[in-house]
>>> print(open('run_24.tsv').read())   # TSV, N, CA and C atoms
chain	number	residue	atom	x	y	z
A	1	MET	N	103.17	88.11	51.98
A	1	MET	CA	103.28	86.67	51.87
A	1	MET	C	101.93	86.05	52.20
A	2	ARG	N	101.42	85.21	51.33
A	2	ARG	CA	100.13	84.57	51.52
A	2	ARG	C	100.29	83.28	52.30
A	3	ALA	N	99.43	83.09	53.29
A	3	ALA	CA	99.48	81.88	54.12
A	3	ALA	C	98.85	80.71	53.38
A	4	THR	N	99.46	79.57	53.49
A	4	THR	CA	98.90	78.34	52.95
A	4	THR	C	98.77	77.33	54.07
A	5	LEU	N	98.02	76.29	53.81
A	5	LEU	CA	97.86	75.25	54.83
A	5	LEU	C	99.15	74.49	55.08
A	6	LYS	N	100.05	74.45	54.09
A	6	LYS	CA	101.31	73.73	54.26
A	6	LYS	C	102.29	74.51	55.13
A	7	GLN	N	102.08	75.78	55.29
A	7	GLN	CA	103.00	76.62	56.04
A	7	GLN	C	102.65	76.53	57.53
A	8	PRO	N	103.54	75.97	58.37
A	8	PRO	CA	103.20	75.78	59.79
A	8	PRO	C	103.05	77.09	60.56
A	9	VAL	N	103.90	78.08	60.30
A	9	VAL	CA	103.77	79.39	60.94
A	9	VAL	C	104.05	80.46	59.89
A	10	LEU	N	103.50	81.64	60.12
A	10	LEU	CA	103.63	82.71	59.13
A	10	LEU	C	104.97	83.42	59.17
A	11	PHE	N	105.50	83.66	60.35
A	11	PHE	CA	106.69	84.48	60.48
A	11	PHE	C	107.77	83.78	61.33
A	12	PRO	N	108.31	82.67	60.86
A	12	PRO	CA	109.22	81.88	61.70
A	12	PRO	C	110.47	82.65	62.12
A	13	GLN	N	111.04	83.45	61.25
A	13	GLN	CA	112.25	84.18	61.60
A	13	GLN	C	111.95	85.26	62.64
A	14	THR	N	110.86	85.96	62.47
A	14	THR	CA	110.47	86.98	63.44
A	14	THR	C	110.15	86.36	64.79
A	15	TYR	N	109.48	85.23	64.78
A	15	TYR	CA	109.15	84.55	66.03
A	15	TYR	C	110.43	84.13	66.76
A	16	GLY	N	111.41	83.67	66.01
A	16	GLY	CA	112.68	83.28	66.63
A	16	GLY	C	113.33	84.45	67.35
A	17	TRP	N	113.34	85.61	66.71
A	17	TRP	CA	113.91	86.80	67.35
A	17	TRP	C	113.09	87.22	68.56
A	18	TYR	N	111.77	87.14	68.44
A	18	TYR	CA	110.90	87.53	69.56
A	18	TYR	C	111.12	86.60	70.76
A	19	ILE	N	111.21	85.31	70.52
A	19	ILE	CA	111.43	84.35	71.60
A	19	ILE	C	112.81	84.55	72.22
A	20	THR	N	113.81	84.84	71.40
A	20	THR	CA	115.15	85.11	71.91
A	20	THR	C	115.15	86.35	72.81
A	21	ALA	N	114.48	87.41	72.36
A	21	ALA	CA	114.40	88.63	73.17
A	21	ALA	C	113.65	88.38	74.48
A	22	ALA	N	112.58	87.60	74.43
A	22	ALA	CA	111.81	87.29	75.64
A	22	ALA	C	112.65	86.46	76.61
A	23	ALA	N	113.42	85.52	76.10
A	23	ALA	CA	114.29	84.71	76.96
A	23	ALA	C	115.37	85.57	77.59
A	24	ALA	N	115.96	86.49	76.81
A	24	ALA	CA	116.98	87.39	77.35
A	24	ALA	C	116.37	88.30	78.42
A	25	ASP	N	115.17	88.78	78.19
A	25	ASP	CA	114.48	89.62	79.17
A	25	ASP	C	114.26	88.85	80.47
A	26	THR	N	113.83	87.61	80.36
A	26	THR	CA	113.59	86.79	81.55
A	26	THR	C	114.89	86.53	82.31
A	27	LEU	N	115.93	86.20	81.58
A	27	LEU	CA	117.23	85.93	82.21
A	27	LEU	C	117.77	87.19	82.91
A	28	LEU	N	117.73	88.31	82.22
A	28	LEU	CA	118.23	89.55	82.82
A	28	LEU	C	117.39	89.99	84.01
A	29	THR	N	116.09	89.80	83.92
A	29	THR	CA	115.22	90.13	85.06
A	29	THR	C	115.58	89.27	86.27
A	30	ALA	N	115.78	87.98	86.05
A	30	ALA	CA	116.15	87.09	87.15
A	30	ALA	C	117.47	87.52	87.77
A	31	ILE	N	118.44	87.87	86.94
A	31	ILE	CA	119.75	88.32	87.45
A	31	ILE	C	119.60	89.60	88.26
A	32	ILE	N	118.86	90.56	87.72
A	32	ILE	CA	118.68	91.84	88.41
A	32	ILE	C	117.95	91.64	89.73
A	33	LEU	N	116.92	90.79	89.75
A	33	LEU	CA	116.20	90.53	91.00
A	33	LEU	C	117.09	89.84	92.02
A	34	THR	N	117.94	88.93	91.56
A	34	THR	CA	118.87	88.23	92.45
A	34	THR	C	119.87	89.21	93.08
A	35	LEU	N	120.22	90.24	92.31
A	35	LEU	CA	121.18	91.24	92.81
A	35	LEU	C	120.51	92.33	93.65
A	36	GLY	N	119.20	92.19	93.89
A	36	GLY	CA	118.52	93.14	94.76
A	36	GLY	C	117.70	94.18	94.04
A	37	GLY	N	117.59	94.08	92.74
A	37	GLY	CA	116.79	95.04	91.98
A	37	GLY	C	115.30	94.79	92.15
A	38	ILE	N	114.50	95.63	91.52
A	38	ILE	CA	113.05	95.49	91.61
A	38	ILE	C	112.47	95.42	90.20
A	39	GLU	N	111.30	94.83	90.09
A	39	GLU	CA	110.55	94.80	88.83
A	39	GLU	C	109.63	96.01	88.82
A	40	VAL	N	109.70	96.81	87.77
A	40	VAL	CA	108.88	98.03	87.71
A	40	VAL	C	107.53	97.80	87.04
A	41	ASN	N	107.38	96.71	86.30
A	41	ASN	CA	106.08	96.37	85.70
A	41	ASN	C	105.20	95.84	86.82
A	42	ALA	N	104.08	96.52	87.07
A	42	ALA	CA	103.22	96.17	88.20
A	42	ALA	C	102.66	94.75	88.10
A	43	VAL	N	102.25	94.34	86.91
A	43	VAL	CA	101.69	93.00	86.74
A	43	VAL	C	102.77	91.95	86.98
A	44	ALA	N	103.92	92.13	86.35
A	44	ALA	CA	105.02	91.18	86.52
A	44	ALA	C	105.49	91.15	87.97
A	45	ALA	N	105.55	92.32	88.62
A	45	ALA	CA	105.97	92.37	90.02
A	45	ALA	C	105.00	91.59	90.90
A	46	GLY	N	103.71	91.70	90.61
A	46	GLY	CA	102.71	90.94	91.36
A	46	GLY	C	102.89	89.44	91.19
A	47	VAL	N	103.16	89.03	89.96
A	47	VAL	CA	103.39	87.60	89.70
A	47	VAL	C	104.63	87.13	90.45
A	48	ILE	N	105.70	87.91	90.37
A	48	ILE	CA	106.95	87.54	91.04
A	48	ILE	C	106.77	87.49	92.55
A	49	ASN	N	106.10	88.48	93.11
A	49	ASN	CA	105.88	88.52	94.57
A	49	ASN	C	105.02	87.36	95.04
A	50	HIS	N	104.07	86.96	94.24
A	50	HIS	CA	103.16	85.89	94.66
A	50	HIS	C	103.68	84.50	94.34
A	51	TYR	N	104.34	84.33	93.16
A	51	TYR	CA	104.75	83.00	92.71
A	51	TYR	C	106.26	82.80	92.58
A	52	GLY	N	107.05	83.84	92.75
A	52	GLY	CA	108.50	83.70	92.68
A	52	GLY	C	109.01	83.66	91.24
A	53	LEU	N	110.26	83.27	91.10
A	53	LEU	CA	110.90	83.26	89.78
A	53	LEU	C	110.27	82.22	88.85
A	54	LEU	N	109.83	81.10	89.38
A	54	LEU	CA	109.16	80.11	88.54
A	54	LEU	C	107.86	80.69	87.98
A	55	GLY	N	107.15	81.41	88.79
A	55	GLY	CA	105.93	82.08	88.33
A	55	GLY	C	106.24	83.10	87.24
A	56	MET	N	107.36	83.82	87.41
A	56	MET	CA	107.76	84.78	86.39
A	56	MET	C	108.03	84.07	85.06
A	57	LEU	N	108.71	82.94	85.13
A	57	LEU	CA	109.02	82.18	83.93
A	57	LEU	C	107.74	81.69	83.25
A	58	LEU	N	106.81	81.16	84.01
A	58	LEU	CA	105.54	80.70	83.44
A	58	LEU	C	104.72	81.85	82.88
A	59	PHE	N	104.74	82.98	83.57
A	59	PHE	CA	104.03	84.18	83.10
A	59	PHE	C	104.61	84.64	81.76
A	60	LYS	N	105.93	84.67	81.65
A	60	LYS	CA	106.58	85.08	80.40
A	60	LYS	C	106.23	84.10	79.29
A	61	PHE	N	106.27	82.81	79.58
A	61	PHE	CA	105.91	81.81	78.58
A	61	PHE	C	104.48	82.03	78.10
A	62	ALA	N	103.57	82.29	79.03
A	62	ALA	CA	102.17	82.49	78.67
A	62	ALA	C	101.99	83.74	77.80
A	63	THR	N	102.70	84.80	78.13
A	63	THR	CA	102.56	86.02	77.32
A	63	THR	C	103.15	85.83	75.93
A	64	VAL	N	104.29	85.16	75.83
A	64	VAL	CA	104.90	84.91	74.51
A	64	VAL	C	103.97	84.02	73.68
A	65	TYR	N	103.45	82.98	74.27
A	65	TYR	CA	102.54	82.07	73.58
A	65	TYR	C	101.30	82.82	73.09
A	66	THR	N	100.75	83.68	73.93
A	66	THR	CA	99.57	84.45	73.56
A	66	THR	C	99.86	85.39	72.38
A	67	VAL	N	101.00	86.07	72.42
A	67	VAL	CA	101.37	86.97	71.33
A	67	VAL	C	101.53	86.19	70.02
A	68	LEU	N	102.17	85.04	70.07
A	68	LEU	CA	102.35	84.24	68.86
A	68	LEU	C	101.01	83.76	68.30
A	69	LEU	N	100.10	83.36	69.17
A	69	LEU	CA	98.78	82.94	68.71
A	69	LEU	C	98.03	84.10	68.06
A	70	ILE	N	98.12	85.27	68.66
A	70	ILE	CA	97.45	86.45	68.09
A	70	ILE	C	98.04	86.79	66.73
A	71	CYS	N	99.36	86.75	66.61
A	71	CYS	CA	100.01	87.02	65.32
A	71	CYS	C	99.56	86.03	64.26
A	72	GLU	N	99.48	84.77	64.60
A	72	GLU	CA	99.05	83.76	63.64
A	72	GLU	C	97.59	83.98	63.24
A	73	TYR	N	96.76	84.27	64.21
A	73	TYR	CA	95.33	84.47	63.94
A	73	TYR	C	95.12	85.68	63.02
A	74	ILE	N	95.71	86.80	63.40
A	74	ILE	CA	95.53	88.02	62.61
A	74	ILE	C	96.19	87.86	61.23
A	75	GLY	N	97.36	87.26	61.19
A	75	GLY	CA	98.06	87.09	59.92
A	75	GLY	C	97.32	86.20	58.94
A	76	ARG	N	96.54	85.25	59.43
A	76	ARG	CA	95.83	84.35	58.54
A	76	ARG	C	94.44	84.86	58.17
A	77	HIS	N	94.00	85.92	58.83
A	77	HIS	CA	92.68	86.47	58.50
A	77	HIS	C	92.87	87.80	57.88
>>> encode(input="run_24.tsv", output="structure tokens")
Amino acid sequence: MRATLKQPVLFPQTYGWYITAAAADTLLTAIILTLGGIEVNAVAAGVINHYGLLGMLLFKFATVYTVLLICEYIGRH
């Protein structure tokens, strides 16, 4: 599929699924941590330990946003 200037994003359906999966991951992580579980991803664990669940949410948002920007950049070049 060729990108045009009129097209706001290249892969809207894929992005929707990716954002849904990221939201589910965040929700399940919060539930597991609330029940006494641990985060095994060292970077995410550091964010959670330092900034709490709000920090985790902002970190996830930042990573999703970064991935979408990279996909758009690479897809258009």
>>> residues_around(input="run_24.tsv", residues="segment 20-30 of chain A", least_positions_apart="3", cutoff="8 Å", atoms="all atoms listed in the file", output="number ranges by chain")
A: 14-17, 33-36, 38-39, 53, 56-57, 60-61, 64
>>> residues_around(input="run_24.tsv", residues="segment 11-13 of chain A", least_positions_apart="6", cutoff="8 Å", atoms="only N, CA and C atoms", output="PyMOL selection string")
chain A and resi 19+71-72
>>> atom_distance(input="run_24.tsv", atom1="atom N of Phe59 of chain A", atom2="atom CA of Val47 of chain A")
7.8 Å
>>> select_by_dssp(input="run_24.tsv", residues="chain A", states="alpha helix (DSSP H)", output="PDB file with N, CA and C atoms, keeping the file's coordinate frame")
ATOM      1  N   PRO A  12     108.310  82.670  60.860  1.00  0.00           N
ATOM      2  CA  PRO A  12     109.220  81.880  61.700  1.00  0.00           C
ATOM      3  C   PRO A  12     110.470  82.650  62.120  1.00  0.00           C
ATOM      4  N   GLN A  13     111.040  83.450  61.250  1.00  0.00           N
ATOM      5  CA  GLN A  13     112.250  84.180  61.600  1.00  0.00           C
ATOM      6  C   GLN A  13     111.950  85.260  62.640  1.00  0.00           C
ATOM      7  N   THR A  14     110.860  85.960  62.470  1.00  0.00           N
ATOM      8  CA  THR A  14     110.470  86.980  63.440  1.00  0.00           C
ATOM      9  C   THR A  14     110.150  86.360  64.790  1.00  0.00           C
ATOM     10  N   TYR A  15     109.480  85.230  64.780  1.00  0.00           N
ATOM     11  CA  TYR A  15     109.150  84.550  66.030  1.00  0.00           C
ATOM     12  C   TYR A  15     110.430  84.130  66.760  1.00  0.00           C
ATOM     13  N   GLY A  16     111.410  83.670  66.010  1.00  0.00           N
ATOM     14  CA  GLY A  16     112.680  83.280  66.630  1.00  0.00           C
ATOM     15  C   GLY A  16     113.330  84.450  67.350  1.00  0.00           C
ATOM     16  N   TRP A  17     113.340  85.610  66.710  1.00  0.00           N
ATOM     17  CA  TRP A  17     113.910  86.800  67.350  1.00  0.00           C
ATOM     18  C   TRP A  17     113.090  87.220  68.560  1.00  0.00           C
ATOM     19  N   TYR A  18     111.770  87.140  68.440  1.00  0.00           N
ATOM     20  CA  TYR A  18     110.900  87.530  69.560  1.00  0.00           C
ATOM     21  C   TYR A  18     111.120  86.600  70.760  1.00  0.00           C
ATOM     22  N   ILE A  19     111.210  85.310  70.520  1.00  0.00           N
ATOM     23  CA  ILE A  19     111.430  84.350  71.600  1.00  0.00           C
ATOM     24  C   ILE A  19     112.810  84.550  72.220  1.00  0.00           C
ATOM     25  N   THR A  20     113.810  84.840  71.400  1.00  0.00           N
ATOM     26  CA  THR A  20     115.150  85.110  71.910  1.00  0.00           C
ATOM     27  C   THR A  20     115.150  86.350  72.810  1.00  0.00           C
ATOM     28  N   ALA A  21     114.480  87.410  72.360  1.00  0.00           N
ATOM     29  CA  ALA A  21     114.400  88.630  73.170  1.00  0.00           C
ATOM     30  C   ALA A  21     113.650  88.380  74.480  1.00  0.00           C
ATOM     31  N   ALA A  22     112.580  87.600  74.430  1.00  0.00           N
ATOM     32  CA  ALA A  22     111.810  87.290  75.640  1.00  0.00           C
ATOM     33  C   ALA A  22     112.650  86.460  76.610  1.00  0.00           C
ATOM     34  N   ALA A  23     113.420  85.520  76.100  1.00  0.00           N
ATOM     35  CA  ALA A  23     114.290  84.710  76.960  1.00  0.00           C
ATOM     36  C   ALA A  23     115.370  85.570  77.590  1.00  0.00           C
ATOM     37  N   ALA A  24     115.960  86.490  76.810  1.00  0.00           N
ATOM     38  CA  ALA A  24     116.980  87.390  77.350  1.00  0.00           C
ATOM     39  C   ALA A  24     116.370  88.300  78.420  1.00  0.00           C
ATOM     40  N   ASP A  25     115.170  88.780  78.190  1.00  0.00           N
ATOM     41  CA  ASP A  25     114.480  89.620  79.170  1.00  0.00           C
ATOM     42  C   ASP A  25     114.260  88.850  80.470  1.00  0.00           C
ATOM     43  N   THR A  26     113.830  87.610  80.360  1.00  0.00           N
ATOM     44  CA  THR A  26     113.590  86.790  81.550  1.00  0.00           C
ATOM     45  C   THR A  26     114.890  86.530  82.310  1.00  0.00           C
ATOM     46  N   LEU A  27     115.930  86.200  81.580  1.00  0.00           N
ATOM     47  CA  LEU A  27     117.230  85.930  82.210  1.00  0.00           C
ATOM     48  C   LEU A  27     117.770  87.190  82.910  1.00  0.00           C
ATOM     49  N   LEU A  28     117.730  88.310  82.220  1.00  0.00           N
ATOM     50  CA  LEU A  28     118.230  89.550  82.820  1.00  0.00           C
ATOM     51  C   LEU A  28     117.390  89.990  84.010  1.00  0.00           C
ATOM     52  N   THR A  29     116.090  89.800  83.920  1.00  0.00           N
ATOM     53  CA  THR A  29     115.220  90.130  85.060  1.00  0.00           C
ATOM     54  C   THR A  29     115.580  89.270  86.270  1.00  0.00           C
ATOM     55  N   ALA A  30     115.780  87.980  86.050  1.00  0.00           N
ATOM     56  CA  ALA A  30     116.150  87.090  87.150  1.00  0.00           C
ATOM     57  C   ALA A  30     117.470  87.520  87.770  1.00  0.00           C
ATOM     58  N   ILE A  31     118.440  87.870  86.940  1.00  0.00           N
ATOM     59  CA  ILE A  31     119.750  88.320  87.450  1.00  0.00           C
ATOM     60  C   ILE A  31     119.600  89.600  88.260  1.00  0.00           C
ATOM     61  N   ILE A  32     118.860  90.560  87.720  1.00  0.00           N
ATOM     62  CA  ILE A  32     118.680  91.840  88.410  1.00  0.00           C
ATOM     63  C   ILE A  32     117.950  91.640  89.730  1.00  0.00           C
ATOM     64  N   LEU A  33     116.920  90.790  89.750  1.00  0.00           N
ATOM     65  CA  LEU A  33     116.200  90.530  91.000  1.00  0.00           C
ATOM     66  C   LEU A  33     117.090  89.840  92.020  1.00  0.00           C
ATOM     67  N   THR A  34     117.940  88.930  91.560  1.00  0.00           N
ATOM     68  CA  THR A  34     118.870  88.230  92.450  1.00  0.00           C
ATOM     69  C   THR A  34     119.870  89.210  93.080  1.00  0.00           C
ATOM     70  N   ALA A  42     104.080  96.520  87.070  1.00  0.00           N
ATOM     71  CA  ALA A  42     103.220  96.170  88.200  1.00  0.00           C
ATOM     72  C   ALA A  42     102.660  94.750  88.100  1.00  0.00           C
ATOM     73  N   VAL A  43     102.250  94.340  86.910  1.00  0.00           N
ATOM     74  CA  VAL A  43     101.690  93.000  86.740  1.00  0.00           C
ATOM     75  C   VAL A  43     102.770  91.950  86.980  1.00  0.00           C
ATOM     76  N   ALA A  44     103.920  92.130  86.350  1.00  0.00           N
ATOM     77  CA  ALA A  44     105.020  91.180  86.520  1.00  0.00           C
ATOM     78  C   ALA A  44     105.490  91.150  87.970  1.00  0.00           C
ATOM     79  N   ALA A  45     105.550  92.320  88.620  1.00  0.00           N
ATOM     80  CA  ALA A  45     105.970  92.370  90.020  1.00  0.00           C
ATOM     81  C   ALA A  45     105.000  91.590  90.900  1.00  0.00           C
ATOM     82  N   GLY A  46     103.710  91.700  90.610  1.00  0.00           N
ATOM     83  CA  GLY A  46     102.710  90.940  91.360  1.00  0.00           C
ATOM     84  C   GLY A  46     102.890  89.440  91.190  1.00  0.00           C
ATOM     85  N   VAL A  47     103.160  89.030  89.960  1.00  0.00           N
ATOM     86  CA  VAL A  47     103.390  87.600  89.700  1.00  0.00           C
ATOM     87  C   VAL A  47     104.630  87.130  90.450  1.00  0.00           C
ATOM     88  N   ILE A  48     105.700  87.910  90.370  1.00  0.00           N
ATOM     89  CA  ILE A  48     106.950  87.540  91.040  1.00  0.00           C
ATOM     90  C   ILE A  48     106.770  87.490  92.550  1.00  0.00           C
ATOM     91  N   ASN A  49     106.100  88.480  93.110  1.00  0.00           N
ATOM     92  CA  ASN A  49     105.880  88.520  94.570  1.00  0.00           C
ATOM     93  C   ASN A  49     105.020  87.360  95.040  1.00  0.00           C
ATOM     94  N   HIS A  50     104.070  86.960  94.240  1.00  0.00           N
ATOM     95  CA  HIS A  50     103.160  85.890  94.660  1.00  0.00           C
ATOM     96  C   HIS A  50     103.680  84.500  94.340  1.00  0.00           C
ATOM     97  N   TYR A  51     104.340  84.330  93.160  1.00  0.00           N
ATOM     98  CA  TYR A  51     104.750  83.000  92.710  1.00  0.00           C
ATOM     99  C   TYR A  51     106.260  82.800  92.580  1.00  0.00           C
ATOM    100  N   GLY A  52     107.050  83.840  92.750  1.00  0.00           N
ATOM    101  CA  GLY A  52     108.500  83.700  92.680  1.00  0.00           C
ATOM    102  C   GLY A  52     109.010  83.660  91.240  1.00  0.00           C
ATOM    103  N   LEU A  53     110.260  83.270  91.100  1.00  0.00           N
ATOM    104  CA  LEU A  53     110.900  83.260  89.780  1.00  0.00           C
ATOM    105  C   LEU A  53     110.270  82.220  88.850  1.00  0.00           C
ATOM    106  N   LEU A  54     109.830  81.100  89.380  1.00  0.00           N
ATOM    107  CA  LEU A  54     109.160  80.110  88.540  1.00  0.00           C
ATOM    108  C   LEU A  54     107.860  80.690  87.980  1.00  0.00           C
ATOM    109  N   GLY A  55     107.150  81.410  88.790  1.00  0.00           N
ATOM    110  CA  GLY A  55     105.930  82.080  88.330  1.00  0.00           C
ATOM    111  C   GLY A  55     106.240  83.100  87.240  1.00  0.00           C
ATOM    112  N   MET A  56     107.360  83.820  87.410  1.00  0.00           N
ATOM    113  CA  MET A  56     107.760  84.780  86.390  1.00  0.00           C
ATOM    114  C   MET A  56     108.030  84.070  85.060  1.00  0.00           C
ATOM    115  N   LEU A  57     108.710  82.940  85.130  1.00  0.00           N
ATOM    116  CA  LEU A  57     109.020  82.180  83.930  1.00  0.00           C
ATOM    117  C   LEU A  57     107.740  81.690  83.250  1.00  0.00           C
ATOM    118  N   LEU A  58     106.810  81.160  84.010  1.00  0.00           N
ATOM    119  CA  LEU A  58     105.540  80.700  83.440  1.00  0.00           C
ATOM    120  C   LEU A  58     104.720  81.850  82.880  1.00  0.00           C
ATOM    121  N   PHE A  59     104.740  82.980  83.570  1.00  0.00           N
ATOM    122  CA  PHE A  59     104.030  84.180  83.100  1.00  0.00           C
ATOM    123  C   PHE A  59     104.610  84.640  81.760  1.00  0.00           C
ATOM    124  N   LYS A  60     105.930  84.670  81.650  1.00  0.00           N
ATOM    125  CA  LYS A  60     106.580  85.080  80.400  1.00  0.00           C
ATOM    126  C   LYS A  60     106.230  84.100  79.290  1.00  0.00           C
ATOM    127  N   PHE A  61     106.270  82.810  79.580  1.00  0.00           N
ATOM    128  CA  PHE A  61     105.910  81.810  78.580  1.00  0.00           C
ATOM    129  C   PHE A  61     104.480  82.030  78.100  1.00  0.00           C
ATOM    130  N   ALA A  62     103.570  82.290  79.030  1.00  0.00           N
ATOM    131  CA  ALA A  62     102.170  82.490  78.670  1.00  0.00           C
ATOM    132  C   ALA A  62     101.990  83.740  77.800  1.00  0.00           C
ATOM    133  N   THR A  63     102.700  84.800  78.130  1.00  0.00           N
ATOM    134  CA  THR A  63     102.560  86.020  77.320  1.00  0.00           C
ATOM    135  C   THR A  63     103.150  85.830  75.930  1.00  0.00           C
ATOM    136  N   VAL A  64     104.290  85.160  75.830  1.00  0.00           N
ATOM    137  CA  VAL A  64     104.900  84.910  74.510  1.00  0.00           C
ATOM    138  C   VAL A  64     103.970  84.020  73.680  1.00  0.00           C
ATOM    139  N   TYR A  65     103.450  82.980  74.270  1.00  0.00           N
ATOM    140  CA  TYR A  65     102.540  82.070  73.580  1.00  0.00           C
ATOM    141  C   TYR A  65     101.300  82.820  73.090  1.00  0.00           C
ATOM    142  N   THR A  66     100.750  83.680  73.930  1.00  0.00           N
ATOM    143  CA  THR A  66      99.570  84.450  73.560  1.00  0.00           C
ATOM    144  C   THR A  66      99.860  85.390  72.380  1.00  0.00           C
ATOM    145  N   VAL A  67     101.000  86.070  72.420  1.00  0.00           N
ATOM    146  CA  VAL A  67     101.370  86.970  71.330  1.00  0.00           C
ATOM    147  C   VAL A  67     101.530  86.190  70.020  1.00  0.00           C
ATOM    148  N   LEU A  68     102.170  85.040  70.070  1.00  0.00           N
ATOM    149  CA  LEU A  68     102.350  84.240  68.860  1.00  0.00           C
ATOM    150  C   LEU A  68     101.010  83.760  68.300  1.00  0.00           C
ATOM    151  N   LEU A  69     100.100  83.360  69.170  1.00  0.00           N
ATOM    152  CA  LEU A  69      98.780  82.940  68.710  1.00  0.00           C
ATOM    153  C   LEU A  69      98.030  84.100  68.060  1.00  0.00           C
ATOM    154  N   ILE A  70      98.120  85.270  68.660  1.00  0.00           N
ATOM    155  CA  ILE A  70      97.450  86.450  68.090  1.00  0.00           C
ATOM    156  C   ILE A  70      98.040  86.790  66.730  1.00  0.00           C
ATOM    157  N   CYS A  71      99.360  86.750  66.610  1.00  0.00           N
ATOM    158  CA  CYS A  71     100.010  87.020  65.320  1.00  0.00           C
ATOM    159  C   CYS A  71      99.560  86.030  64.260  1.00  0.00           C
ATOM    160  N   GLU A  72      99.480  84.770  64.600  1.00  0.00           N
ATOM    161  CA  GLU A  72      99.050  83.760  63.640  1.00  0.00           C
ATOM    162  C   GLU A  72      97.590  83.980  63.240  1.00  0.00           C
ATOM    163  N   TYR A  73      96.760  84.270  64.210  1.00  0.00           N
ATOM    164  CA  TYR A  73      95.330  84.470  63.940  1.00  0.00           C
ATOM    165  C   TYR A  73      95.120  85.680  63.020  1.00  0.00           C
ATOM    166  N   ILE A  74      95.710  86.800  63.400  1.00  0.00           N
ATOM    167  CA  ILE A  74      95.530  88.020  62.610  1.00  0.00           C
ATOM    168  C   ILE A  74      96.190  87.860  61.230  1.00  0.00           C
ATOM    169  N   GLY A  75      97.360  87.260  61.190  1.00  0.00           N
ATOM    170  CA  GLY A  75      98.060  87.090  59.920  1.00  0.00           C
ATOM    171  C   GLY A  75      97.320  86.200  58.940  1.00  0.00           C
ATOM    172  N   ARG A  76      96.540  85.250  59.430  1.00  0.00           N
ATOM    173  CA  ARG A  76      95.830  84.350  58.540  1.00  0.00           C
ATOM    174  C   ARG A  76      94.440  84.860  58.170  1.00  0.00           C
TER     175      ARG A  76
END
>>> atom_distance(input="run_24.tsv", atom1="atom C of Ala62 of chain A", atom2="atom N of Ala44 of chain A")
12.1 Å
>>> atom_distance(input="run_24.tsv", atom1="atom C of Leu58 of chain A", atom2="atom N of Asn41 of chain A")
15.5 Å
>>> build_atoms(input="run_24.tsv", residues="segment 46-57 of chain A", atoms="N, CA, C and O atoms", output="PDB file, in the coordinates of the input")
ATOM      1  N   GLY A  46     103.710  91.700  90.610  1.00  0.00           N
ATOM      2  CA  GLY A  46     102.710  90.940  91.360  1.00  0.00           C
ATOM      3  C   GLY A  46     102.890  89.440  91.190  1.00  0.00           C
ATOM      4  O   GLY A  46     102.806  88.685  92.162  1.00  0.00           O
ATOM      5  N   VAL A  47     103.160  89.030  89.960  1.00  0.00           N
ATOM      6  CA  VAL A  47     103.390  87.600  89.700  1.00  0.00           C
ATOM      7  C   VAL A  47     104.630  87.130  90.450  1.00  0.00           C
ATOM      8  O   VAL A  47     104.630  86.069  91.085  1.00  0.00           O
ATOM      9  N   ILE A  48     105.700  87.910  90.370  1.00  0.00           N
ATOM     10  CA  ILE A  48     106.950  87.540  91.040  1.00  0.00           C
ATOM     11  C   ILE A  48     106.770  87.490  92.550  1.00  0.00           C
ATOM     12  O   ILE A  48     107.233  86.559  93.218  1.00  0.00           O
ATOM     13  N   ASN A  49     106.100  88.480  93.110  1.00  0.00           N
ATOM     14  CA  ASN A  49     105.880  88.520  94.570  1.00  0.00           C
ATOM     15  C   ASN A  49     105.020  87.360  95.040  1.00  0.00           C
ATOM     16  O   ASN A  49     105.222  86.841  96.140  1.00  0.00           O
ATOM     17  N   HIS A  50     104.070  86.960  94.240  1.00  0.00           N
ATOM     18  CA  HIS A  50     103.160  85.890  94.660  1.00  0.00           C
ATOM     19  C   HIS A  50     103.680  84.500  94.340  1.00  0.00           C
ATOM     20  O   HIS A  50     103.520  83.571  95.126  1.00  0.00           O
ATOM     21  N   TYR A  51     104.340  84.330  93.160  1.00  0.00           N
ATOM     22  CA  TYR A  51     104.750  83.000  92.710  1.00  0.00           C
ATOM     23  C   TYR A  51     106.260  82.800  92.580  1.00  0.00           C
ATOM     24  O   TYR A  51     106.696  81.695  92.253  1.00  0.00           O
ATOM     25  N   GLY A  52     107.050  83.840  92.750  1.00  0.00           N
ATOM     26  CA  GLY A  52     108.500  83.700  92.680  1.00  0.00           C
ATOM     27  C   GLY A  52     109.010  83.660  91.240  1.00  0.00           C
ATOM     28  O   GLY A  52     108.305  83.964  90.283  1.00  0.00           O
ATOM     29  N   LEU A  53     110.260  83.270  91.100  1.00  0.00           N
ATOM     30  CA  LEU A  53     110.900  83.260  89.780  1.00  0.00           C
ATOM     31  C   LEU A  53     110.270  82.220  88.850  1.00  0.00           C
ATOM     32  O   LEU A  53     110.196  82.444  87.636  1.00  0.00           O
ATOM     33  N   LEU A  54     109.830  81.100  89.380  1.00  0.00           N
ATOM     34  CA  LEU A  54     109.160  80.110  88.540  1.00  0.00           C
ATOM     35  C   LEU A  54     107.860  80.690  87.980  1.00  0.00           C
ATOM     36  O   LEU A  54     107.544  80.500  86.800  1.00  0.00           O
ATOM     37  N   GLY A  55     107.150  81.410  88.790  1.00  0.00           N
ATOM     38  CA  GLY A  55     105.930  82.080  88.330  1.00  0.00           C
ATOM     39  C   GLY A  55     106.240  83.100  87.240  1.00  0.00           C
ATOM     40  O   GLY A  55     105.491  83.228  86.269  1.00  0.00           O
ATOM     41  N   MET A  56     107.360  83.820  87.410  1.00  0.00           N
ATOM     42  CA  MET A  56     107.760  84.780  86.390  1.00  0.00           C
ATOM     43  C   MET A  56     108.030  84.070  85.060  1.00  0.00           C
ATOM     44  O   MET A  56     107.629  84.535  84.002  1.00  0.00           O
ATOM     45  N   LEU A  57     108.710  82.940  85.130  1.00  0.00           N
ATOM     46  CA  LEU A  57     109.020  82.180  83.930  1.00  0.00           C
ATOM     47  C   LEU A  57     107.740  81.690  83.250  1.00  0.00           C
ATOM     48  O   LEU A  57     107.585  81.807  82.026  1.00  0.00           O
TER      49      LEU A  57
END
